[in-house]
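Coordinates as given in query.cif (mmCIF, C-alpha atoms and all ligand atoms; chains and numbers go by the auth columns):
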data_model
loop_
_atom_site.group_PDB
_atom_site.id
_atom_site.type_symbol
_atom_site.label_atom_id
_atom_site.label_comp_id
_atom_site.label_asym_id
_atom_site.label_seq_id
_atom_site.Cartn_x
_atom_site.Cartn_y
_atom_site.Cartn_z
_atom_site.B_iso_or_equiv
_atom_site.auth_seq_id
_atom_site.auth_asym_id
ATOM 1 C CA MET A 1 -24.742 -8.252 -25.608 0.00 169 A
ATOM 2 C CA LYS A 2 -25.472 -7.236 -22.077 0.00 170 A
ATOM 3 C CA ILE A 3 -27.124 -4.326 -20.346 0.00 171 A
ATOM 4 C CA PHE A 4 -25.422 -2.481 -17.504 0.00 172 A
ATOM 5 C CA CYS A 5 -27.792 -0.651 -15.174 0.00 173 A
ATOM 6 C CA ILE A 6 -26.944 1.901 -12.518 0.00 174 A
ATOM 7 C CA GLY A 7 -28.939 2.229 -9.306 0.00 175 A
ATOM 8 C CA ARG A 8 -29.368 5.271 -7.046 0.00 176 A
ATOM 9 C CA ASN A 9 -27.633 7.732 -9.359 0.00 177 A
ATOM 10 C CA TYR A 10 -29.968 10.657 -8.629 0.00 178 A
ATOM 11 C CA ALA A 11 -30.202 11.700 -4.975 0.00 179 A
ATOM 12 C CA ASP A 12 -33.927 12.566 -5.224 0.00 180 A
ATOM 13 C CA HIS A 13 -34.767 9.037 -6.419 0.00 181 A
ATOM 14 C CA ALA A 14 -32.502 7.341 -3.861 0.00 182 A
ATOM 15 C CA HIS A 15 -34.342 9.274 -1.167 0.00 183 A
ATOM 16 C CA GLU A 16 -37.846 8.473 -2.491 0.00 184 A
ATOM 17 C CA LEU A 17 -37.088 4.760 -2.008 0.00 185 A
ATOM 18 C CA GLY A 18 -35.433 5.351 1.367 0.00 186 A
ATOM 19 C CA ASN A 19 -31.929 4.499 0.112 0.00 187 A
ATOM 20 C CA ALA A 20 -28.658 6.243 0.906 0.00 188 A
ATOM 21 C CA VAL A 21 -26.734 7.930 -1.919 0.00 189 A
ATOM 22 C CA PRO A 22 -23.812 5.586 -2.708 0.00 190 A
ATOM 23 C CA GLU A 23 -20.159 6.654 -2.684 0.00 191 A
ATOM 24 C CA ALA A 24 -19.302 4.349 -5.585 0.00 192 A
ATOM 25 C CA PRO A 25 -21.746 3.568 -8.420 0.00 193 A
ATOM 26 C CA VAL A 26 -24.167 0.720 -7.746 0.00 194 A
ATOM 27 C CA PHE A 27 -24.574 -1.447 -10.829 0.00 195 A
ATOM 28 C CA PHE A 28 -26.329 -4.620 -11.931 0.00 196 A
ATOM 29 C CA LEU A 29 -26.854 -6.409 -15.253 0.00 197 A
ATOM 30 C CA LYS A 30 -29.798 -7.376 -17.406 0.00 198 A
ATOM 31 C CA PRO A 31 -29.415 -10.123 -20.044 0.00 199 A
ATOM 32 C CA SER A 32 -29.984 -9.565 -23.773 0.00 200 A
ATOM 33 C CA THR A 33 -33.411 -11.199 -23.418 0.00 201 A
ATOM 34 C CA ALA A 34 -34.562 -8.246 -21.277 0.00 202 A
ATOM 35 C CA LEU A 35 -34.349 -5.923 -24.277 0.00 203 A
ATOM 36 C CA VAL A 36 -37.636 -4.904 -25.889 0.00 204 A
ATOM 37 C CA PHE A 37 -38.450 -2.351 -28.559 0.00 205 A
ATOM 38 C CA THR A 38 -41.425 -0.037 -28.876 0.00 206 A
ATOM 39 C CA ASP A 39 -42.698 -0.999 -32.333 0.00 207 A
ATOM 40 C CA ARG A 40 -45.539 -3.050 -30.832 0.00 208 A
ATOM 41 C CA PRO A 41 -47.385 -3.115 -27.474 0.00 209 A
ATOM 42 C CA ILE A 42 -45.159 -4.304 -24.641 0.00 210 A
ATOM 43 C CA GLN A 43 -46.539 -7.137 -22.529 0.00 211 A
ATOM 44 C CA LEU A 44 -46.303 -6.512 -18.789 0.00 212 A
ATOM 45 C CA PRO A 45 -45.706 -9.500 -16.497 0.00 213 A
ATOM 46 C CA THR A 46 -48.950 -10.432 -14.756 0.00 214 A
ATOM 47 C CA ASP A 47 -47.652 -12.394 -11.761 0.00 215 A
ATOM 48 C CA MET A 48 -45.062 -10.088 -10.170 0.00 216 A
ATOM 49 C CA GLY A 49 -47.153 -7.288 -8.698 0.00 217 A
ATOM 50 C CA PRO A 50 -46.684 -3.641 -9.691 0.00 218 A
ATOM 51 C CA ILE A 51 -44.218 -2.955 -12.522 0.00 219 A
ATOM 52 C CA HIS A 52 -42.630 0.484 -12.158 0.00 220 A
ATOM 53 C CA HIS A 53 -41.239 2.732 -14.880 0.00 221 A
ATOM 54 C CA GLU A 54 -37.749 4.178 -14.417 0.00 222 A
ATOM 55 C CA LEU A 55 -36.848 6.630 -17.188 0.00 223 A
ATOM 56 C CA GLU A 56 -33.115 6.663 -17.866 0.00 224 A
ATOM 57 C CA LEU A 57 -30.552 8.089 -20.257 0.00 225 A
ATOM 58 C CA VAL A 58 -29.100 5.088 -22.116 0.00 226 A
ATOM 59 C CA VAL A 59 -25.730 5.044 -23.860 0.00 227 A
ATOM 60 C CA ALA A 60 -24.697 2.453 -26.441 0.00 228 A
ATOM 61 C CA PHE A 61 -21.254 1.068 -27.230 0.00 229 A
ATOM 62 C CA ASP A 62 -19.835 -0.249 -30.506 0.00 230 A
ATOM 63 C CA THR A 63 -16.394 -1.192 -29.266 0.00 231 A
ATOM 64 C CA TYR A 64 -14.609 -3.275 -26.659 0.00 232 A
ATOM 65 C CA ALA A 65 -13.641 -1.213 -23.615 0.00 233 A
ATOM 66 C CA LYS A 66 -11.753 -2.304 -20.513 0.00 234 A
ATOM 67 C CA ASP A 67 -10.592 -0.165 -17.580 0.00 235 A
ATOM 68 C CA ILE A 68 -11.338 3.106 -19.360 0.00 236 A
ATOM 69 C CA PRO A 69 -10.084 6.344 -17.723 0.00 237 A
ATOM 70 C CA VAL A 70 -12.801 8.935 -17.073 0.00 238 A
ATOM 71 C CA ALA A 71 -11.309 11.337 -19.647 0.00 239 A
ATOM 72 C CA MET A 72 -11.488 8.695 -22.406 0.00 240 A
ATOM 73 C CA ALA A 73 -14.936 7.372 -21.535 0.00 241 A
ATOM 74 C CA PRO A 74 -17.032 9.712 -23.740 0.00 242 A
ATOM 75 C CA GLY A 75 -15.040 8.539 -26.763 0.00 243 A
ATOM 76 C CA MET A 76 -16.153 4.960 -26.120 0.00 244 A
ATOM 77 C CA ILE A 77 -19.853 5.849 -26.495 0.00 245 A
ATOM 78 C CA ALA A 78 -21.415 5.433 -29.942 0.00 246 A
ATOM 79 C CA SER A 79 -24.899 6.832 -29.397 0.00 247 A
ATOM 80 C CA PHE A 80 -27.517 7.634 -26.789 0.00 248 A
ATOM 81 C CA THR A 81 -31.265 7.441 -26.287 0.00 249 A
ATOM 82 C CA LEU A 82 -33.794 7.022 -23.502 0.00 250 A
ATOM 83 C CA GLY A 83 -34.917 3.745 -21.995 0.00 251 A
ATOM 84 C CA LEU A 84 -37.167 2.344 -19.302 0.00 252 A
ATOM 85 C CA ASP A 85 -35.658 0.137 -16.609 0.00 253 A
ATOM 86 C CA LEU A 86 -38.837 -1.766 -15.720 0.00 254 A
ATOM 87 C CA THR A 87 -38.878 -2.950 -12.126 0.00 255 A
ATOM 88 C CA ALA A 88 -41.168 -5.316 -10.213 0.00 256 A
ATOM 89 C CA ARG A 89 -41.070 -3.042 -7.180 0.00 257 A
ATOM 90 C CA VAL A 90 -42.629 -5.274 -4.520 0.00 258 A
ATOM 91 C CA VAL A 91 -40.518 -8.247 -5.610 0.00 259 A
ATOM 92 C CA GLN A 92 -37.419 -6.013 -5.486 0.00 260 A
ATOM 93 C CA GLN A 93 -38.351 -4.777 -2.014 0.00 261 A
ATOM 94 C CA GLU A 94 -38.703 -8.352 -0.751 0.00 262 A
ATOM 95 C CA LEU A 95 -35.352 -9.369 -2.260 0.00 263 A
ATOM 96 C CA LYS A 96 -33.611 -6.281 -0.829 0.00 264 A
ATOM 97 C CA GLU A 97 -34.978 -6.970 2.651 0.00 265 A
ATOM 98 C CA LYS A 98 -33.585 -10.515 2.488 0.00 266 A
ATOM 99 C CA GLY A 99 -30.260 -9.310 1.090 0.00 267 A
ATOM 100 C CA LEU A 100 -30.802 -11.349 -2.081 0.00 268 A
ATOM 101 C CA PRO A 101 -29.912 -10.503 -5.715 0.00 269 A
ATOM 102 C CA TRP A 102 -32.424 -8.372 -7.675 0.00 270 A
ATOM 103 C CA GLU A 103 -32.526 -10.270 -10.985 0.00 271 A
ATOM 104 C CA LYS A 104 -36.087 -11.550 -10.684 0.00 272 A
ATOM 105 C CA ALA A 105 -37.324 -7.992 -10.139 0.00 273 A
ATOM 106 C CA LYS A 106 -35.072 -6.304 -12.683 0.00 274 A
ATOM 107 C CA ALA A 107 -33.931 -8.696 -15.411 0.00 275 A
ATOM 108 C CA PHE A 108 -37.120 -10.425 -16.565 0.00 276 A
ATOM 109 C CA ASP A 109 -37.992 -10.659 -20.274 0.00 277 A
ATOM 110 C CA GLY A 110 -39.010 -7.246 -21.586 0.00 278 A
ATOM 111 C CA SER A 111 -37.627 -5.320 -18.608 0.00 279 A
ATOM 112 C CA ALA A 112 -35.333 -3.080 -20.671 0.00 280 A
ATOM 113 C CA VAL A 113 -37.377 -0.860 -22.999 0.00 281 A
ATOM 114 C CA LEU A 114 -35.271 1.002 -25.553 0.00 282 A
ATOM 115 C CA GLY A 115 -36.276 4.267 -27.256 0.00 283 A
ATOM 116 C CA ASP A 116 -36.562 4.318 -31.032 0.00 284 A
ATOM 117 C CA VAL A 117 -34.617 7.561 -31.608 0.00 285 A
ATOM 118 C CA HIS A 118 -30.850 7.256 -31.181 0.00 286 A
ATOM 119 C CA LEU A 119 -28.555 10.265 -31.399 0.00 287 A
ATOM 120 C CA PRO A 120 -24.924 9.817 -32.413 0.00 288 A
ATOM 121 C CA MET A 121 -22.271 10.706 -29.868 0.00 289 A
ATOM 122 C CA THR A 122 -19.961 13.413 -31.244 0.00 290 A
ATOM 123 C CA SER A 123 -17.020 15.284 -29.768 0.00 291 A
ATOM 124 C CA ALA A 124 -19.461 18.160 -29.118 0.00 292 A
ATOM 125 C CA THR A 125 -21.983 16.040 -27.189 0.00 293 A
ATOM 126 C CA GLU A 126 -22.347 16.983 -23.530 0.00 294 A
ATOM 127 C CA LEU A 127 -24.152 14.190 -21.687 0.00 295 A
ATOM 128 C CA GLN A 128 -24.463 16.121 -18.420 0.00 296 A
ATOM 129 C CA GLY A 129 -27.104 18.822 -18.694 0.00 297 A
ATOM 130 C CA LEU A 130 -29.772 16.876 -20.602 0.00 298 A
ATOM 131 C CA ARG A 131 -33.352 17.224 -19.392 0.00 299 A
ATOM 132 C CA LEU A 132 -35.308 13.979 -19.064 0.00 300 A
ATOM 133 C CA LYS A 133 -39.080 13.878 -18.953 0.00 301 A
ATOM 134 C CA LEU A 134 -41.503 10.966 -18.859 0.00 302 A
ATOM 135 C CA MET A 135 -45.173 11.425 -19.748 0.00 303 A
ATOM 136 C CA ARG A 136 -47.683 8.773 -18.726 0.00 304 A
ATOM 137 C CA ASN A 137 -50.906 9.089 -20.742 0.00 305 A
ATOM 138 C CA GLY A 138 -50.079 12.738 -21.390 0.00 306 A
ATOM 139 C CA GLU A 139 -49.172 13.692 -17.818 0.00 307 A
ATOM 140 C CA VAL A 140 -45.642 14.358 -16.596 0.00 308 A
ATOM 141 C CA VAL A 141 -44.594 11.702 -14.058 0.00 309 A
ATOM 142 C CA GLN A 142 -40.793 11.912 -14.063 0.00 310 A
ATOM 143 C CA GLU A 143 -38.496 14.871 -14.638 0.00 311 A
ATOM 144 C CA GLY A 144 -34.776 15.166 -14.157 0.00 312 A
ATOM 145 C CA ASP A 145 -31.549 16.653 -15.418 0.00 313 A
ATOM 146 C CA THR A 146 -28.446 14.562 -16.028 0.00 314 A
ATOM 147 C CA ARG A 147 -26.479 17.370 -14.340 0.00 315 A
ATOM 148 C CA ASP A 148 -27.959 16.026 -11.093 0.00 316 A
ATOM 149 C CA MET A 149 -26.424 12.560 -11.499 0.00 317 A
ATOM 150 C CA VAL A 150 -24.415 11.463 -8.467 0.00 318 A
ATOM 151 C CA HIS A 151 -21.844 9.924 -10.841 0.00 319 A
ATOM 152 C CA SER A 152 -21.412 11.297 -14.386 0.00 320 A
ATOM 153 C CA VAL A 153 -21.775 9.014 -17.392 0.00 321 A
ATOM 154 C CA ALA A 154 -17.988 9.108 -17.858 0.00 322 A
ATOM 155 C CA GLU A 155 -17.478 8.036 -14.244 0.00 323 A
ATOM 156 C CA LEU A 156 -19.980 5.204 -14.725 0.00 324 A
ATOM 157 C CA VAL A 157 -18.190 3.926 -17.835 0.00 325 A
ATOM 158 C CA HIS A 158 -14.888 4.121 -15.984 0.00 326 A
ATOM 159 C CA HIS A 159 -16.294 2.223 -13.002 0.00 327 A
ATOM 160 C CA VAL A 160 -18.132 -0.612 -14.740 0.00 328 A
ATOM 161 C CA SER A 161 -15.377 -1.164 -17.332 0.00 329 A
ATOM 162 C CA HIS A 162 -12.874 -1.700 -14.531 0.00 330 A
ATOM 163 C CA TYR A 163 -14.738 -4.834 -13.452 0.00 331 A
ATOM 164 C CA ILE A 164 -16.534 -6.021 -16.592 0.00 332 A
ATOM 165 C CA THR A 165 -15.357 -5.635 -20.193 0.00 333 A
ATOM 166 C CA ILE A 166 -17.735 -3.606 -22.335 0.00 334 A
ATOM 167 C CA GLU A 167 -18.444 -5.306 -25.679 0.00 335 A
ATOM 168 C CA PRO A 168 -19.865 -3.962 -28.953 0.00 336 A
ATOM 169 C CA GLY A 169 -23.665 -3.793 -28.686 0.00 337 A
ATOM 170 C CA ASP A 170 -23.715 -3.324 -24.919 0.00 338 A
ATOM 171 C CA LEU A 171 -25.979 -0.717 -23.340 0.00 339 A
ATOM 172 C CA LEU A 172 -25.646 1.286 -20.127 0.00 340 A
ATOM 173 C CA PHE A 173 -28.772 2.528 -18.319 0.00 341 A
ATOM 174 C CA THR A 174 -27.535 5.438 -16.219 0.00 342 A
ATOM 175 C CA GLY A 175 -30.103 5.619 -13.407 0.00 343 A
ATOM 176 C CA THR A 176 -33.470 7.275 -12.879 0.00 344 A
ATOM 177 C CA PRO A 177 -34.598 10.559 -11.303 0.00 345 A
ATOM 178 C CA ALA A 178 -37.510 10.726 -8.849 0.00 346 A
ATOM 179 C CA GLY A 179 -41.104 10.016 -9.805 0.00 347 A
ATOM 180 C CA VAL A 180 -41.039 6.273 -10.442 0.00 348 A
ATOM 181 C CA GLY A 181 -44.452 4.636 -10.382 0.00 349 A
ATOM 182 C CA PRO A 182 -46.591 1.765 -11.655 0.00 350 A
ATOM 183 C CA ILE A 183 -47.548 1.069 -15.285 0.00 351 A
ATOM 184 C CA ALA A 184 -51.027 -0.242 -16.123 0.00 352 A
ATOM 185 C CA PRO A 185 -52.101 -2.170 -19.235 0.00 353 A
ATOM 186 C CA GLY A 186 -53.148 0.329 -21.902 0.00 354 A
ATOM 187 C CA ASP A 187 -50.719 3.013 -20.709 0.00 355 A
ATOM 188 C CA VAL A 188 -48.751 5.058 -23.209 0.00 356 A
ATOM 189 C CA LEU A 189 -45.360 6.243 -21.954 0.00 357 A
ATOM 190 C CA GLU A 190 -43.414 8.932 -23.808 0.00 358 A
ATOM 191 C CA GLY A 191 -39.830 9.810 -22.980 0.00 359 A
ATOM 192 C CA LEU A 192 -38.415 13.218 -23.917 0.00 360 A
ATOM 193 C CA LEU A 193 -34.813 14.340 -23.905 0.00 361 A
ATOM 194 C CA ASN A 194 -34.461 18.143 -24.049 0.00 362 A
ATOM 195 C CA ASP A 195 -38.104 18.123 -25.245 0.00 363 A
ATOM 196 C CA LYS A 196 -37.305 15.777 -28.154 0.00 364 A
ATOM 197 C CA ARG A 197 -39.385 12.607 -28.123 0.00 365 A
ATOM 198 C CA MET A 198 -37.014 9.636 -28.027 0.00 366 A
ATOM 199 C CA LEU A 199 -39.284 6.891 -26.705 0.00 367 A
ATOM 200 C CA HIS A 200 -42.949 6.075 -27.279 0.00 368 A
ATOM 201 C CA ALA A 201 -44.137 2.832 -25.684 0.00 369 A
ATOM 202 C CA ARG A 202 -47.580 1.303 -25.444 0.00 370 A
ATOM 203 C CA PHE A 203 -48.239 -1.374 -22.822 0.00 371 A
ATOM 204 C CA ALA A 204 -50.554 -4.376 -23.033 0.00 372 A
HETATM 205 MG MG MG B . -33.075 2.050 -12.798 0.00 1 B
#
Translate this file's structure into structure tokens.
Amino acid sequence: MKIFCIGRNYADHAHELGNAVPEAPVFFLKPSTALVFTDRPIQLPTDMGPIHHELELVVAFDTYAKDIPVAMAPGMIASFTLGLDLTARVVQQELKEKGLPWEKAKAFDGSAVLGDVHLPMTSATELQGLRLKLMRNGEVVQEGDTRDMVHSVAELVHHVSHYITIEPGDLLFTGTPAGVGPIAPGDVLEGLLNDKRMLHARFA
């Protein structure tokens, strides 16, 4: 399996990092070894500087999908949850300034945290208009609404599947709203989707 990730998909977050809002989706990949679950404390890397949380709506696929039209894209999605796209921010900044790939900052082991509650995708599911909230040790640090995405989930599926075949088991992280910040050992992060707790992660 592989993990697609979208960058700069909320204007407020693009602006907080000084980036322009892209015309076409910006995407990158994380390998399967990046995936980590929340059933035990998550070990943060100790030699890459600050590790930032990015709360994101995550959709999961259970089918092959290639070059999917926007109108058909929702039907390709099996379920959805929240996830954290962990980012070594200073490392990423250095790579960006040199025009180099981001993998070291974005794709390290344990960099894709997946929520433990997964909701099935049905014909009635509307993925735009979901409220995302991240609590760090009980305080709200990130808030967003998927209505504010630059590119809708269907547009993202259409775009990435044009270039790279989606396979069963793949995940798509759909971008983060503003409020990204560092995680410290001992932190508890809780992700809520429309006030329903989908993710509960403890960091070591
Ligand atoms: Mg992200």
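Considering the residues A:His221, A:Lys272, A:Lys234, A:His327 and counting only C-alpha atoms, Ala352 of chain A has its shortest atom-to-atom contact with A:His221.
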- Task: Could you please extract the residues within 9 Å of ligand MG 1 (chain B), counting all atoms listed in the file, and hand them back as a VMD selection string?
- Result: chain A and resid 173 to 177 221 to 224 252 to 255 274 341 to 345
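The interatomic distance for the pair atom CA of Ile334 of chain A and atom CA of Thr314 of chain A works out to 22.0 Å.
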- Item | Reference answer for the PyMOL selection byres (((chain A and resi 281) around 7) and not hetatm), as a list in words | Leu203, Val204, Phe205, Gly251, Leu252, Asp253, Gly278, Ser279, Ala280, Leu282 and Gly283 of chain A
- atom CA of Gly349 of chain A and atom CA of Glu307 of chain A, how far apart in Å?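 If I compute the distance from atom CA of Glu307 of chain A to atom CA of Gly349 of chain A, I get 12.6 Å.
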- Evaluate the PyMOL selection byres (((chain A and resi 299) around 10) and not hetatm) on the structure here and hand back the selected residues as a ChimeraX atom specification. /A:225,295-298,300-301,311-316,360-364
Working from the structure I just supplied, which lacks atoms in segment 246-257 of chain A, can you model all heavy atoms there and output them as a CSV table (one decimal), in the coordinates of the input?
chain,number,residue,atom,x,y,z
A,246,ALA,N,-21.0,5.3,-28.5
A,246,ALA,CA,-21.4,5.4,-29.9
A,246,ALA,C,-22.6,6.3,-30.1
A,246,ALA,O,-22.7,7.1,-31.0
A,246,ALA,CB,-21.7,4.1,-30.6
A,247,SER,N,-23.6,6.1,-29.2
A,247,SER,CA,-24.9,6.8,-29.4
A,247,SER,C,-25.6,6.8,-28.1
A,247,SER,O,-25.2,6.1,-27.1
A,247,SER,CB,-25.8,6.2,-30.5
A,247,SER,OG,-26.1,4.9,-30.1
A,248,PHE,N,-26.7,7.6,-28.0
A,248,PHE,CA,-27.5,7.6,-26.8
A,248,PHE,C,-29.0,7.8,-27.1
A,248,PHE,O,-29.4,8.3,-28.2
A,248,PHE,CB,-27.0,8.7,-25.8
A,248,PHE,CG,-27.0,10.1,-26.4
A,248,PHE,CD1,-28.0,11.0,-26.0
A,248,PHE,CD2,-26.0,10.6,-27.3
A,248,PHE,CE1,-28.1,12.3,-26.5
A,248,PHE,CE2,-26.1,11.9,-27.8
A,248,PHE,CZ,-27.1,12.7,-27.4
A,249,THR,N,-29.8,7.4,-26.2
A,249,THR,CA,-31.3,7.4,-26.3
A,249,THR,C,-31.9,7.4,-24.9
A,249,THR,O,-31.1,7.6,-23.9
A,249,THR,CB,-31.8,6.3,-27.2
A,249,THR,OG1,-33.2,6.4,-27.3
A,249,THR,CG2,-31.5,4.9,-26.5
A,250,LEU,N,-33.2,7.2,-24.8
A,250,LEU,CA,-33.8,7.0,-23.5
A,250,LEU,C,-34.3,5.6,-23.4
A,250,LEU,O,-34.5,4.9,-24.4
A,250,LEU,CB,-35.0,8.0,-23.3
A,250,LEU,CG,-34.7,9.4,-23.1
A,250,LEU,CD1,-36.0,10.3,-23.1
A,250,LEU,CD2,-33.9,9.7,-21.8
A,251,GLY,N,-34.4,5.1,-22.2
A,251,GLY,CA,-34.9,3.7,-22.0
A,251,GLY,C,-35.7,3.7,-20.7
A,251,GLY,O,-35.7,4.6,-19.9
A,252,LEU,N,-36.4,2.6,-20.5
A,252,LEU,CA,-37.2,2.3,-19.3
A,252,LEU,C,-36.6,1.1,-18.6
A,252,LEU,O,-36.6,0.0,-19.3
A,252,LEU,CB,-38.7,2.1,-19.6
A,252,LEU,CG,-39.4,3.3,-20.2
A,252,LEU,CD1,-40.8,2.9,-20.6
A,252,LEU,CD2,-39.5,4.5,-19.2
A,253,ASP,N,-36.1,1.3,-17.4
A,253,ASP,CA,-35.7,0.1,-16.6
A,253,ASP,C,-36.9,-0.3,-15.8
A,253,ASP,O,-37.2,0.2,-14.8
A,253,ASP,CB,-34.5,0.6,-15.7
A,253,ASP,CG,-34.2,-0.3,-14.5
A,253,ASP,OD1,-34.6,-1.5,-14.6
A,253,ASP,OD2,-33.6,0.2,-13.6
A,254,LEU,N,-37.6,-1.3,-16.4
A,254,LEU,CA,-38.8,-1.8,-15.7
A,254,LEU,C,-38.5,-2.6,-14.5
A,254,LEU,O,-37.6,-3.4,-14.5
A,254,LEU,CB,-39.7,-2.6,-16.7
A,254,LEU,CG,-40.2,-1.8,-17.9
A,254,LEU,CD1,-41.2,-2.7,-18.7
A,254,LEU,CD2,-40.8,-0.5,-17.6
A,255,THR,N,-39.2,-2.4,-13.4
A,255,THR,CA,-38.9,-3.0,-12.1
A,255,THR,C,-40.1,-3.5,-11.4
A,255,THR,O,-41.1,-2.7,-11.2
A,255,THR,CB,-38.2,-1.9,-11.2
A,255,THR,OG1,-37.1,-1.3,-11.9
A,255,THR,CG2,-37.8,-2.5,-9.9
A,256,ALA,N,-40.1,-4.8,-11.0
A,256,ALA,CA,-41.2,-5.3,-10.2
A,256,ALA,C,-40.9,-4.9,-8.8
A,256,ALA,O,-40.1,-5.5,-8.1
A,256,ALA,CB,-41.2,-6.8,-10.3
A,257,ARG,N,-41.5,-3.8,-8.4
A,257,ARG,CA,-41.1,-3.0,-7.2
A,257,ARG,C,-41.3,-3.8,-5.9
A,257,ARG,O,-40.4,-3.8,-5.0
A,257,ARG,CB,-41.8,-1.7,-7.1
A,257,ARG,CG,-41.3,-0.8,-6.0
A,257,ARG,CD,-39.8,-0.3,-6.3
A,257,ARG,NE,-39.8,0.6,-7.3
A,257,ARG,CZ,-38.7,0.9,-8.1
A,257,ARG,NH1,-37.6,0.4,-7.8
A,257,ARG,NH2,-38.8,1.8,-9.1
